[in-house]
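Source file: final-v9.pdb. Holds: PDB, C-alpha atoms.
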ATOM      1  CA  MET H   1      19.747  97.699 115.383
ATOM      2  CA  ALA H   2      18.078  98.194 118.724
ATOM      3  CA  GLU H   3      14.997  96.195 119.536
ATOM      4  CA  THR H   4      11.939  97.445 121.316
ATOM      5  CA  PRO H   5       9.425  94.969 122.656
ATOM      6  CA  ALA H   6       6.046  95.067 120.988
ATOM      7  CA  GLY H   7       3.505  96.967 123.036
ATOM      8  CA  GLU H   8       0.186  95.427 124.012
ATOM      9  CA  ASP H   9      -1.699  97.920 121.914
ATOM     10  CA  GLY H  10       0.414  96.885 118.986
ATOM     11  CA  PRO H  11       2.015 100.091 117.747
ATOM     12  CA  PRO H  12       4.004  99.469 114.609
ATOM     13  CA  LEU H  13       7.489  98.517 115.637
ATOM     14  CA  SER H  14       8.625  97.292 112.245
ATOM     15  CA  GLU H  15      11.656  99.524 112.122
ATOM     16  CA  THR H  16      12.941  98.143 115.395
ATOM     17  CA  LEU H  17      12.417  94.479 114.717
ATOM     18  CA  SER H  18      15.470  92.531 113.725
ATOM     19  CA  GLU H  19      15.332  89.695 111.205
ATOM     20  CA  ILE H  20      16.564  87.290 113.859
ATOM     21  CA  ARG H  21      13.640  88.125 116.128
ATOM     22  CA  ILE H  22      11.191  87.627 113.300
ATOM     23  CA  ALA H  23      12.885  84.330 112.422
ATOM     24  CA  ARG H  24      12.492  83.125 116.010
ATOM     25  CA  ALA H  25       8.797  83.992 115.874
ATOM     26  CA  VAL H  26       8.470  82.135 112.576
ATOM     27  CA  VAL H  27      10.000  78.990 114.061
ATOM     28  CA  GLY H  28       7.737  79.251 117.092
ATOM     29  CA  ALA H  29       4.684  79.628 114.875
ATOM     30  CA  ALA H  30       5.684  76.687 112.708
ATOM     31  CA  GLN H  31       6.169  74.482 115.761
ATOM     32  CA  SER H  32       2.572  75.072 116.745
ATOM     33  CA  VAL H  33       1.280  73.566 113.500
ATOM     34  CA  SER H  34       0.364  69.907 113.500
ATOM     35  CA  GLY H  35       2.427  68.042 110.921
ATOM     36  CA  PHE H  36       5.546  70.131 111.458
ATOM     37  CA  ALA H  37       8.413  67.815 112.369
ATOM     38  CA  GLY H  38      11.219  70.354 112.620
ATOM     39  CA  VAL H  39      13.090  72.981 110.688
ATOM     40  CA  SER H  40      15.577  71.869 108.099
ATOM     41  CA  PRO H  41      18.955  73.572 107.945
ATOM     42  CA  GLY H  42      18.963  73.161 104.168
ATOM     43  CA  ARG H  43      20.243  70.342 102.020
ATOM     44  CA  PHE H  44      22.306  72.253  99.492
ATOM     45  CA  ALA H  45      23.446  75.369 101.303
ATOM     46  CA  GLU H  46      22.775  76.474 104.834
ATOM     47  CA  VAL H  47      19.390  78.083 105.257
ATOM     48  CA  ALA H  48      19.424  80.419 108.230
ATOM     49  CA  THR H  49      18.931  83.894 109.555
ATOM     50  CA  TYR H  50      21.953  85.334 111.284
ATOM     51  CA  GLY H  51      22.020  87.767 114.163
ATOM     52  CA  PRO H  52      24.611  88.921 116.660
ATOM     53  CA  GLY H  53      25.710  85.734 118.392
ATOM     54  CA  GLU H  54      22.696  83.803 117.234
ATOM     55  CA  THR H  55      21.597  81.804 114.238
ATOM     56  CA  VAL H  56      18.091  80.613 113.494
ATOM     57  CA  ARG H  57      18.358  77.682 111.111
ATOM     58  CA  GLY H  58      15.702  76.735 108.623
ATOM     59  CA  VAL H  59      14.268  80.221 108.228
ATOM     60  CA  VAL H  60      15.383  83.083 106.029
ATOM     61  CA  VAL H  61      13.902  86.513 106.671
ATOM     62  CA  ARG H  62      14.612  89.267 104.176
ATOM     63  CA  ARG H  63      13.481  92.838 103.868
ATOM     64  CA  LEU H  64      12.758  93.915 100.323
ATOM     65  CA  SER H  65      11.410  97.375  99.552
ATOM     66  CA  GLY H  66       9.531  97.804 102.783
ATOM     67  CA  ALA H  67       8.085  94.320 102.982
ATOM     68  CA  LEU H  68       9.207  91.041 104.438
ATOM     69  CA  THR H  69       9.835  87.824 102.596
ATOM     70  CA  VAL H  70      10.075  84.656 104.615
ATOM     71  CA  GLU H  71      11.423  81.295 103.534
ATOM     72  CA  VAL H  72      10.787  78.292 105.756
ATOM     73  CA  HIS H  73      12.586  74.985 105.231
ATOM     74  CA  LEU H  74      11.120  72.139 107.205
ATOM     75  CA  ARG H  75      10.527  68.461 107.647
ATOM     76  CA  ALA H  76       6.919  67.353 107.612
ATOM     77  CA  ALA H  77       5.692  64.508 109.790
ATOM     78  CA  TYR H  78       4.265  61.984 107.383
ATOM     79  CA  THR H  79       0.954  60.346 108.145
ATOM     80  CA  PRO H  80      -1.486  58.942 105.597
ATOM     81  CA  ALA H  81      -3.655  61.997 106.252
ATOM     82  CA  LEU H  82      -0.866  64.464 105.426
ATOM     83  CA  VAL H  83      -1.631  66.901 102.602
ATOM     84  CA  LEU H  84       1.404  69.038 101.913
ATOM     85  CA  PRO H  85      -0.335  72.001 100.206
ATOM     86  CA  ALA H  86      -2.804  72.197 103.101
ATOM     87  CA  LEU H  87       0.017  72.014 105.634
ATOM     88  CA  ALA H  88       1.794  74.793 103.755
ATOM     89  CA  GLY H  89      -1.350  76.898 104.015
ATOM     90  CA  GLN H  90      -1.568  76.318 107.765
ATOM     91  CA  LEU H  91       2.094  77.210 108.156
ATOM     92  CA  ARG H  92       1.646  80.414 106.178
ATOM     93  CA  ASP H  93      -1.322  81.425 108.285
ATOM     94  CA  ALA H  94       0.551  80.717 111.525
ATOM     95  CA  VAL H  95       3.651  82.577 110.358
ATOM     96  CA  ARG H  96       1.678  85.555 109.131
ATOM     97  CA  HIS H  97      -0.222  85.726 112.420
ATOM     98  CA  ALA H  98       2.951  85.473 114.514
ATOM     99  CA  VAL H  99       4.838  88.087 112.531
ATOM    100  CA  SER H 100       1.963  90.550 112.491
ATOM    101  CA  GLY H 101       1.679  89.998 116.255
ATOM    102  CA  LEU H 102       5.213  91.293 116.598
ATOM    103  CA  GLY H 103       4.201  94.478 114.842
ATOM    104  CA  ALA H 104       6.472  93.878 111.903
ATOM    105  CA  GLU H 105       5.872  95.223 108.434
ATOM    106  CA  PRO H 106       3.616  93.222 106.118
ATOM    107  CA  ILE H 107       4.824  89.946 104.706
ATOM    108  CA  GLN H 108       5.019  90.033 100.954
ATOM    109  CA  ARG H 109       5.556  86.316 100.430
ATOM    110  CA  ILE H 110       6.150  83.148 102.395
ATOM    111  CA  ASP H 111       7.932  80.338 100.609
ATOM    112  CA  ILE H 112       7.523  76.914 102.135
ATOM    113  CA  ALA H 113      10.099  74.259 101.290
ATOM    114  CA  PHE H 114       9.496  70.711 102.444
ATOM    115  CA  ASP H 115      13.044  69.385 102.547
ATOM    116  CA  ASP H 116      12.131  65.993 103.929
ATOM    117  CA  LEU H 117       9.320  63.891 105.305
ATOM    118  CA  SER H 118       9.710  62.156 108.634
ATOM    119  CA  VAL H 119       8.160  58.752 108.291
ATOM    120  CA  ALA H 120       7.597  57.003 111.606
ATOM    121  CA  LYS H 121       8.329  53.295 111.493
ATOM    122  CA  THR H 122       5.638  51.337 113.238
ATOM    123  CA  SER H 123       5.142  47.613 113.556
ATOM    124  CA  ASP H 124       1.455  47.811 112.722
ATOM    125  CA  GLU H 125       1.423  50.172 109.798
ATOM    126  CA  ASP H 126      -1.607  48.798 108.147
TER     127      ASP H 126
ATOM    128  CA  MET X   1      31.291  77.487 104.366
ATOM    129  CA  ASN X   2      29.613  80.553 102.904
ATOM    130  CA  VAL X   3      30.761  82.371  99.789
ATOM    131  CA  PHE X   4      32.590  85.136 101.651
ATOM    132  CA  ASN X   5      34.597  82.692 103.739
ATOM    133  CA  ARG X   6      35.419  80.633 100.698
ATOM    134  CA  LEU X   7      36.630  83.672  98.751
ATOM    135  CA  LEU X   8      38.730  84.779 101.699
ATOM    136  CA  VAL X   9      40.372  81.372 102.003
ATOM    137  CA  ILE X  10      41.066  81.296  98.251
ATOM    138  CA  LEU X  11      42.646  84.763  98.331
ATOM    139  CA  LEU X  12      44.828  83.913 101.321
ATOM    140  CA  ASP X  13      45.792  80.627  99.750
ATOM    141  CA  VAL X  14      46.795  82.294  96.485
ATOM    142  CA  ALA X  15      48.845  84.862  98.443
ATOM    143  CA  LEU X  16      50.569  82.036 100.330
ATOM    144  CA  LEU X  17      51.306  80.199  97.080
ATOM    145  CA  VAL X  18      52.733  83.301  95.393
ATOM    146  CA  ALA X  19      54.979  84.093  98.369
ATOM    147  CA  THR X  20      56.111  80.502  98.779
ATOM    148  CA  VAL X  21      56.892  80.009  95.100
ATOM    149  CA  ALA X  22      58.823  83.289  95.094
ATOM    150  CA  VAL X  23      60.905  82.156  98.087
ATOM    151  CA  LEU X  24      61.466  78.783  96.444
ATOM    152  CA  LEU X  25      62.630  80.288  93.143
ATOM    153  CA  VAL X  26      64.970  82.660  94.935
ATOM    154  CA  ALA X  27      66.349  79.931  97.210
ATOM    155  CA  LEU X  28      66.950  77.643  94.218
ATOM    156  CA  GLY X  29      68.693  80.484  92.374
ATOM    157  CA  LEU X  30      66.188  80.409  89.510
ATOM    158  CA  ALA X  31      65.212  84.036  89.908
ATOM    159  CA  ARG X  32      66.442  87.213  91.527
ATOM    160  CA  PRO X  33      64.342  89.019  94.154
ATOM    161  CA  VAL X  34      64.060  92.130  92.018
ATOM    162  CA  ASP X  35      62.653  90.074  89.139
ATOM    163  CA  LEU X  36      59.893  88.606  91.274
ATOM    164  CA  ALA X  37      58.893  91.335  93.642
ATOM    165  CA  PRO X  38      56.641  94.120  92.344
ATOM    166  CA  VAL X  39      57.408  96.246  95.383
ATOM    167  CA  PRO X  40      60.707  96.868  97.169
ATOM    168  CA  TRP X  41      59.257  95.676 100.461
ATOM    169  CA  PHE X  42      58.710  92.169  99.093
ATOM    170  CA  ALA X  43      62.132  92.138  97.392
ATOM    171  CA  ASP X  44      63.750  92.995 100.713
ATOM    172  CA  ARG X  45      61.993  89.998 102.301
ATOM    173  CA  LEU X  46      63.344  87.703  99.555
ATOM    174  CA  VAL X  47      66.955  88.846  99.656
ATOM    175  CA  PRO X  48      67.932  86.808 102.771
ATOM    176  CA  PHE X  49      67.071  83.600 100.896
ATOM    177  CA  THR X  50      69.832  84.268  98.389
ATOM    178  CA  GLN X  51      72.515  83.997 101.016
ATOM    179  CA  ILE X  52      71.463  81.339 103.515
ATOM    180  CA  ASP X  53      73.690  78.522 104.763
ATOM    181  CA  PRO X  54      73.193  74.976 103.356
ATOM    182  CA  VAL X  55      71.288  73.667 106.385
ATOM    183  CA  SER X  56      68.867  76.579 106.408
ATOM    184  CA  TRP X  57      68.602  76.310 102.614
ATOM    185  CA  SER X  58      67.481  72.670 102.925
ATOM    186  CA  TRP X  59      64.902  73.623 105.521
ATOM    187  CA  ALA X  60      63.661  76.562 103.476
ATOM    188  CA  VAL X  61      63.277  74.508 100.296
ATOM    189  CA  GLY X  62      61.608  71.634 102.156
ATOM    190  CA  ILE X  63      59.139  73.885 103.938
ATOM    191  CA  CYS X  64      58.385  75.772 100.724
ATOM    192  CA  LEU X  65      57.703  72.542  98.835
ATOM    193  CA  ALA X  66      55.396  71.372 101.625
ATOM    194  CA  LEU X  67      53.578  74.702 101.662
ATOM    195  CA  VAL X  68      53.194  74.743  97.876
ATOM    196  CA  PHE X  69      51.754  71.242  97.980
ATOM    197  CA  ALA X  70      49.369  72.095 100.847
ATOM    198  CA  GLY X  71      48.371  75.356  99.164
ATOM    199  CA  LEU X  72      47.593  73.613  95.870
ATOM    200  CA  VAL X  73      45.533  70.940  97.633
ATOM    201  CA  LEU X  74      43.589  73.607  99.513
ATOM    202  CA  LEU X  75      43.042  75.595  96.322
ATOM    203  CA  VAL X  76      41.700  72.562  94.470
ATOM    204  CA  LEU X  77      39.393  71.719  97.367
ATOM    205  CA  GLU X  78      38.069  75.254  97.582
ATOM    206  CA  LEU X  79      37.523  75.575  93.826
ATOM    207  CA  ARG X  80      35.606  72.327  93.557
ATOM    208  CA  PRO X  81      31.949  72.878  92.788
ATOM    209  CA  GLY X  82      29.681  72.308  95.750
ATOM    210  CA  PRO X  83      27.001  69.668  95.995
ATOM    211  CA  ARG X  84      24.214  69.945  93.485
ATOM    212  CA  GLU X  85      20.926  71.123  94.766
ATOM    213  CA  GLU X  86      18.441  68.354  95.222
ATOM    214  CA  PRO X  87      15.670  68.409  92.641
ATOM    215  CA  ARG X  88      12.429  69.862  93.903
ATOM    216  CA  MET X  89       8.872  69.790  92.767
ATOM    217  CA  THR X  90       6.713  72.866  92.917
ATOM    218  CA  LEU X  91       3.398  72.086  94.559
ATOM    219  CA  LYS X  92       1.940  75.545  94.482
ATOM    220  CA  GLN X  93       2.981  78.943  93.204
ATOM    221  CA  ASP X  94       0.875  82.015  93.682
ATOM    222  CA  GLY X  95       1.109  85.566  94.919
ATOM    223  CA  LEU X  96       1.695  84.314  98.455
ATOM    224  CA  GLY X  97       4.852  82.453  97.556
ATOM    225  CA  VAL X  98       6.064  79.076  96.431
ATOM    226  CA  VAL X  99       5.544  75.668  98.027
ATOM    227  CA  THR X 100       8.090  73.037  97.070
ATOM    228  CA  VAL X 101       9.018  69.535  98.134
ATOM    229  CA  THR X 102      12.144  67.549  97.454
ATOM    230  CA  ARG X 103      11.803  64.541  95.190
ATOM    231  CA  SER X 104      13.326  62.411  97.918
ATOM    232  CA  GLY X 105      10.466  63.466 100.176
ATOM    233  CA  VAL X 106       7.923  62.325  97.590
ATOM    234  CA  ARG X 107       9.847  59.088  97.114
ATOM    235  CA  LYS X 108       9.359  58.402 100.812
ATOM    236  CA  VAL X 109       5.612  58.599 100.291
ATOM    237  CA  ILE X 110       5.902  56.235  97.331
ATOM    238  CA  ASP X 111       8.149  53.779  99.149
ATOM    239  CA  ARG X 112       5.899  53.684 102.148
ATOM    240  CA  ALA X 113       2.746  53.155 100.094
ATOM    241  CA  ALA X 114       4.403  50.452  98.024
ATOM    242  CA  GLY X 115       5.946  48.814 101.075
ATOM    243  CA  GLN X 116       2.509  48.368 102.618
ATOM    244  CA  VAL X 117       1.373  46.079  99.815
ATOM    245  CA  ALA X 118       1.355  42.473 100.990
ATOM    246  CA  GLY X 119       4.132  40.515  99.314
ATOM    247  CA  VAL X 120       6.445  43.497  98.693
ATOM    248  CA  THR X 121       9.706  43.028 100.562
ATOM    249  CA  GLU X 122      11.781  45.901  99.205
ATOM    250  CA  VAL X 123      11.091  49.096  97.257
ATOM    251  CA  ARG X 124      13.087  51.623  95.314
ATOM    252  CA  SER X 125      11.373  54.358  93.442
ATOM    253  CA  ARG X 126      12.105  57.060  90.939
ATOM    254  CA  LEU X 127      10.063  60.053  90.026
ATOM    255  CA  GLN X 128       9.826  62.264  86.977
ATOM    256  CA  GLU X 129       7.636  65.206  86.146
ATOM    257  CA  GLY X 130       5.865  65.158  82.812
ATOM    258  CA  GLY X 131       3.315  67.282  81.051
ATOM    259  CA  GLN X 132       0.498  64.902  81.958
ATOM    260  CA  GLY X 133       1.539  64.486  85.582
ATOM    261  CA  LEU X 134       4.064  62.592  87.608
ATOM    262  CA  HIS X 135       5.670  59.433  86.324
ATOM    263  CA  VAL X 136       6.629  56.950  89.003
ATOM    264  CA  LEU X 137       8.851  53.946  88.556
ATOM    265  CA  CYS X 138       8.829  51.432  91.406
ATOM    266  CA  ARG X 139      11.363  48.661  91.534
ATOM    267  CA  VAL X 140      10.168  46.130  94.022
ATOM    268  CA  ALA X 141      11.373  42.830  95.366
ATOM    269  CA  VAL X 142       8.455  40.520  95.977
ATOM    270  CA  ASP X 143       7.649  37.368  97.824
ATOM    271  CA  PRO X 144       7.940  34.426  95.383
ATOM    272  CA  ALA X 145       4.557  33.149  96.556
ATOM    273  CA  ALA X 146       2.799  36.407  95.709
ATOM    274  CA  SER X 147       0.607  36.868  92.675
ATOM    275  CA  ILE X 148       2.482  39.411  90.622
ATOM    276  CA  PRO X 149      -0.471  40.801  88.620
ATOM    277  CA  ALA X 150      -2.605  41.288  91.740
ATOM    278  CA  LEU X 151       0.295  42.717  93.704
ATOM    279  CA  THR X 152       1.324  45.187  91.029
ATOM    280  CA  GLN X 153      -2.222  46.385  90.477
ATOM    281  CA  GLU X 154      -2.675  47.052  94.185
ATOM    282  CA  LEU X 155       0.699  48.730  94.324
ATOM    283  CA  GLN X 156      -0.125  51.025  91.424
ATOM    284  CA  GLU X 157      -3.412  52.036  93.008
ATOM    285  CA  ARG X 158      -1.893  52.638  96.416
ATOM    286  CA  VAL X 159       1.042  54.644  95.115
ATOM    287  CA  LYS X 160      -1.136  56.783  92.868
ATOM    288  CA  ALA X 161      -3.600  57.461  95.670
ATOM    289  CA  ALA X 162      -0.912  58.227  98.245
ATOM    290  CA  VAL X 163       1.040  60.616  96.022
ATOM    291  CA  GLU X 164      -2.007  62.434  94.734
ATOM    292  CA  HIS X 165      -3.389  62.800  98.249
ATOM    293  CA  THR X 166      -0.173  63.899  99.948
ATOM    294  CA  VAL X 167       1.435  65.962  97.220
ATOM    295  CA  GLY X 168      -1.630  67.245  95.424
ATOM    296  CA  ARG X 169      -0.274  66.510  91.967
ATOM    297  CA  SER X 170      -1.771  64.070  89.516
ATOM    298  CA  VAL X 171       0.077  60.846  88.761
ATOM    299  CA  ALA X 172       0.098  59.980  85.092
ATOM    300  CA  GLU X 173       1.797  56.633  85.349
ATOM    301  CA  VAL X 174       3.058  54.122  87.882
ATOM    302  CA  ARG X 175       5.442  51.598  86.390
ATOM    303  CA  VAL X 176       6.255  48.566  88.440
ATOM    304  CA  ASP X 177       9.406  46.583  87.942
ATOM    305  CA  ALA X 178       9.036  43.461  90.064
ATOM    306  CA  GLN X 179      11.627  40.840  90.817
ATOM    307  CA  VAL X 180      11.957  37.978  93.235
ATOM    308  CA  GLU X 181      15.606  38.595  94.067
ATOM    309  CA  PRO X 182      16.557  41.285  96.565
ATOM    310  CA  LEU X 183      17.173  44.649  94.922
ATOM    311  CA  THR X 184      20.588  45.187  96.417
ATOM    312  CA  GLY X 185      23.421  44.038  94.220
ATOM    313  CA  ALA X 186      21.377  41.528  92.253
ATOM    314  CA  ARG X 187      20.939  41.290  88.510
ATOM    315  CA  ARG X 188      17.285  41.107  87.989
ATOM    316  CA  ALA X 189      14.857  39.311  85.817
ATOM    317  CA  PRO X 190      12.129  41.930  85.809
ATOM    318  CA  ARG X 191       8.483  41.350  85.271
ATOM    319  CA  ARG X 192       7.148  44.746  84.348
ATOM    320  CA  VAL X 193       3.545  45.764  84.545
ATOM    321  CA  GLN X 194       2.349  49.104  83.250
TER     322      GLN X 194
END

Can you present the structure in this file as structure tokens?
Amino acid sequence: MAETPAGEDGPPLSETLSEIRIARAVVGAAQSVSGFAGVSPGRFAEVATYGPGETVRGVVVRRLSGALTVEVHLRAAYTPALVLPALAGQLRDAVRHAVSGLGAEPIQRIDIAFDDLSVAKTSDED
Amino acid sequence: MNVFNRLLVILLDVALLVATVAVLLVALGLARPVDLAPVPWFADRLVPFTQIDPVSWSWAVGICLALVFAGLVLLVLELRPGPREEPRMTLKQDGLGVVTVTRSGVRKVIDRAAGQVAGVTEVRSRLQEGGQGLHVLCRVAVDPAASIPALTQELQERVKAAVEHTVGRSVAEVRVDAQVEPLTGARRAPRRVQ
């Protein structure tokens, strides 16, 4: 499938966007969210989106009846202030914004899977 | 290895086993090529093994036995069930999708909250979902000089607050199983507070 870069005026390019490109945008969007500690490649089976010569781990992008479904597996950076449902909401917003910025078709659902929590070990935790 | 690769390896392995066993049976004189081969092409490949010299026969039988053994080992390895998926808790499910977290992730929150209680030297936790909320069991090793009732009460409060804040699910119960001995490899004399 050939890719065409998204124009500045944002014409719909959904038919030209590959899943791998969307997955890259999803990872980039997730990285911009505070509390995101990294994608998780999956703990049971590999979670990834595959493209020609490239694999984006931790994100699965599927096209189902004209809409996108996105699954993000990640590690959250634990702090006492962390609220996982709120972080999931921020991630969804960031992903939705990034994908719509590419001109892709609408996202039907975004599943967020916290595979692990990264707990920083500090000497003065309290 | 994904499902396609695994199926491909199993098919090739079965083909190798069938061919090797056929060669072995023919070489040992236990079957004739025409009895084993469904197609003439395969029978033609087996015929030379009926008339090989003793040295080549030894090599053929030895290699076939090795291949059968390797093929069976590979088949068993490939047919073994994979690792079980780690249990997850659903934090949120709506029209936008599902938000889940692994139980081990929640246990990290529990262990950290419990580990911050003064007098707790080691923590191991378990987690179960119930109708009323989450049920947490904390096994902790404590400082012998610590006051167990005060320590366990603080631990229960901290764990409940940390889990409810981070995960957004209510905690119905925090059981504490305290012991003075280290948790690792020690038989314990628990003092349980509910």

Interatomic distance, CA of Thr79 (chain H) to CA of Pro182 (chain X) (Å, one decimal): 27.2 Å

Selection result for the PyMOL selection byres ((chain H) within 10 of (chain X)) on this file, as an MDAnalysis selection string: chainID H and resid 42:46 69:76 78:89 92 107:119 121 125:126

Taking the file as shown, what set of residues would the PyMOL selection byres ((chain H and resi 66) around 12) give back, as a PyMOL selection string? chain H and resi 14-15+62-65+67-69+104-108

Residues just named, written with C-alpha atoms as an mmCIF file, in the coordinates of the input:
data_model
loop_
_atom_site.group_PDB
_atom_site.id
_atom_site.type_symbol
_atom_site.label_atom_id
_atom_site.label_comp_id
_atom_site.auth_asym_id
_atom_site.auth_seq_id
_atom_site.Cartn_x
_atom_site.Cartn_y
_atom_site.Cartn_z
ATOM 1 C CA SER H 14 8.625 97.292 112.245
ATOM 2 C CA GLU H 15 11.656 99.524 112.122
ATOM 3 C CA ARG H 62 14.612 89.267 104.176
ATOM 4 C CA ARG H 63 13.481 92.838 103.868
ATOM 5 C CA LEU H 64 12.758 93.915 100.323
ATOM 6 C CA SER H 65 11.410 97.375 99.552
ATOM 7 C CA ALA H 67 8.085 94.320 102.982
ATOM 8 C CA LEU H 68 9.207 91.041 104.438
ATOM 9 C CA THR H 69 9.835 87.824 102.596
ATOM 10 C CA ALA H 104 6.472 93.878 111.903
ATOM 11 C CA GLU H 105 5.872 95.223 108.434
ATOM 12 C CA PRO H 106 3.616 93.222 106.118
ATOM 13 C CA ILE H 107 4.824 89.946 104.706
ATOM 14 C CA GLN H 108 5.019 90.033 100.954
#

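Of note, CA of Gly28 (chain H) and CA of Pro52 (chain H) are spaced 19.5 Å apart.
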
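One finds CA of Pro87 (chain X) at 23.5 Å from CA of Gln156 (chain X).
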
Just the residues within 8 Å of Val68 (chain X), please, counting only C-alpha atoms, with nothing from its chain fewer than 2 positions along; format it as a ChimeraX atom specification. /X:17,20-21,64-66,70-72

Residues matched by the PyMOL selection byres ((chain H and resi 22) around 10), written as a compact mmCIF listing (two decimals) with C-alpha atoms, in the frame of the given file:
# COMPACT_ATOMS: atom_id res chain seq x y z
CA LEU H 17 12.42 94.48 114.72
CA SER H 18 15.47 92.53 113.72
CA GLU H 19 15.33 89.70 111.20
CA ILE H 20 16.56 87.29 113.86
CA ARG H 21 13.64 88.12 116.13
CA ALA H 23 12.88 84.33 112.42
CA ARG H 24 12.49 83.12 116.01
CA ALA H 25 8.80 83.99 115.87
CA VAL H 26 8.47 82.14 112.58
CA VAL H 27 10.00 78.99 114.06
CA GLY H 28 7.74 79.25 117.09
CA THR H 49 18.93 83.89 109.56
CA VAL H 56 18.09 80.61 113.49
CA VAL H 59 14.27 80.22 108.23
CA VAL H 60 15.38 83.08 106.03
CA VAL H 61 13.90 86.51 106.67
CA ARG H 62 14.61 89.27 104.18
CA LEU H 68 9.21 91.04 104.44
CA VAL H 70 10.07 84.66 104.62
CA VAL H 95 3.65 82.58 110.36
CA ALA H 98 2.95 85.47 114.51
CA VAL H 99 4.84 88.09 112.53
CA SER H 100 1.96 90.55 112.49
CA LEU H 102 5.21 91.29 116.60
CA GLY H 103 4.20 94.48 114.84
CA ALA H 104 6.47 93.88 111.90

Here is a test: counting only C-alpha atoms, which residue of X:Ile148, X:Ala27, X:Val34, X:Val171 is nearest to Ser58 (chain X)? X:Ala27
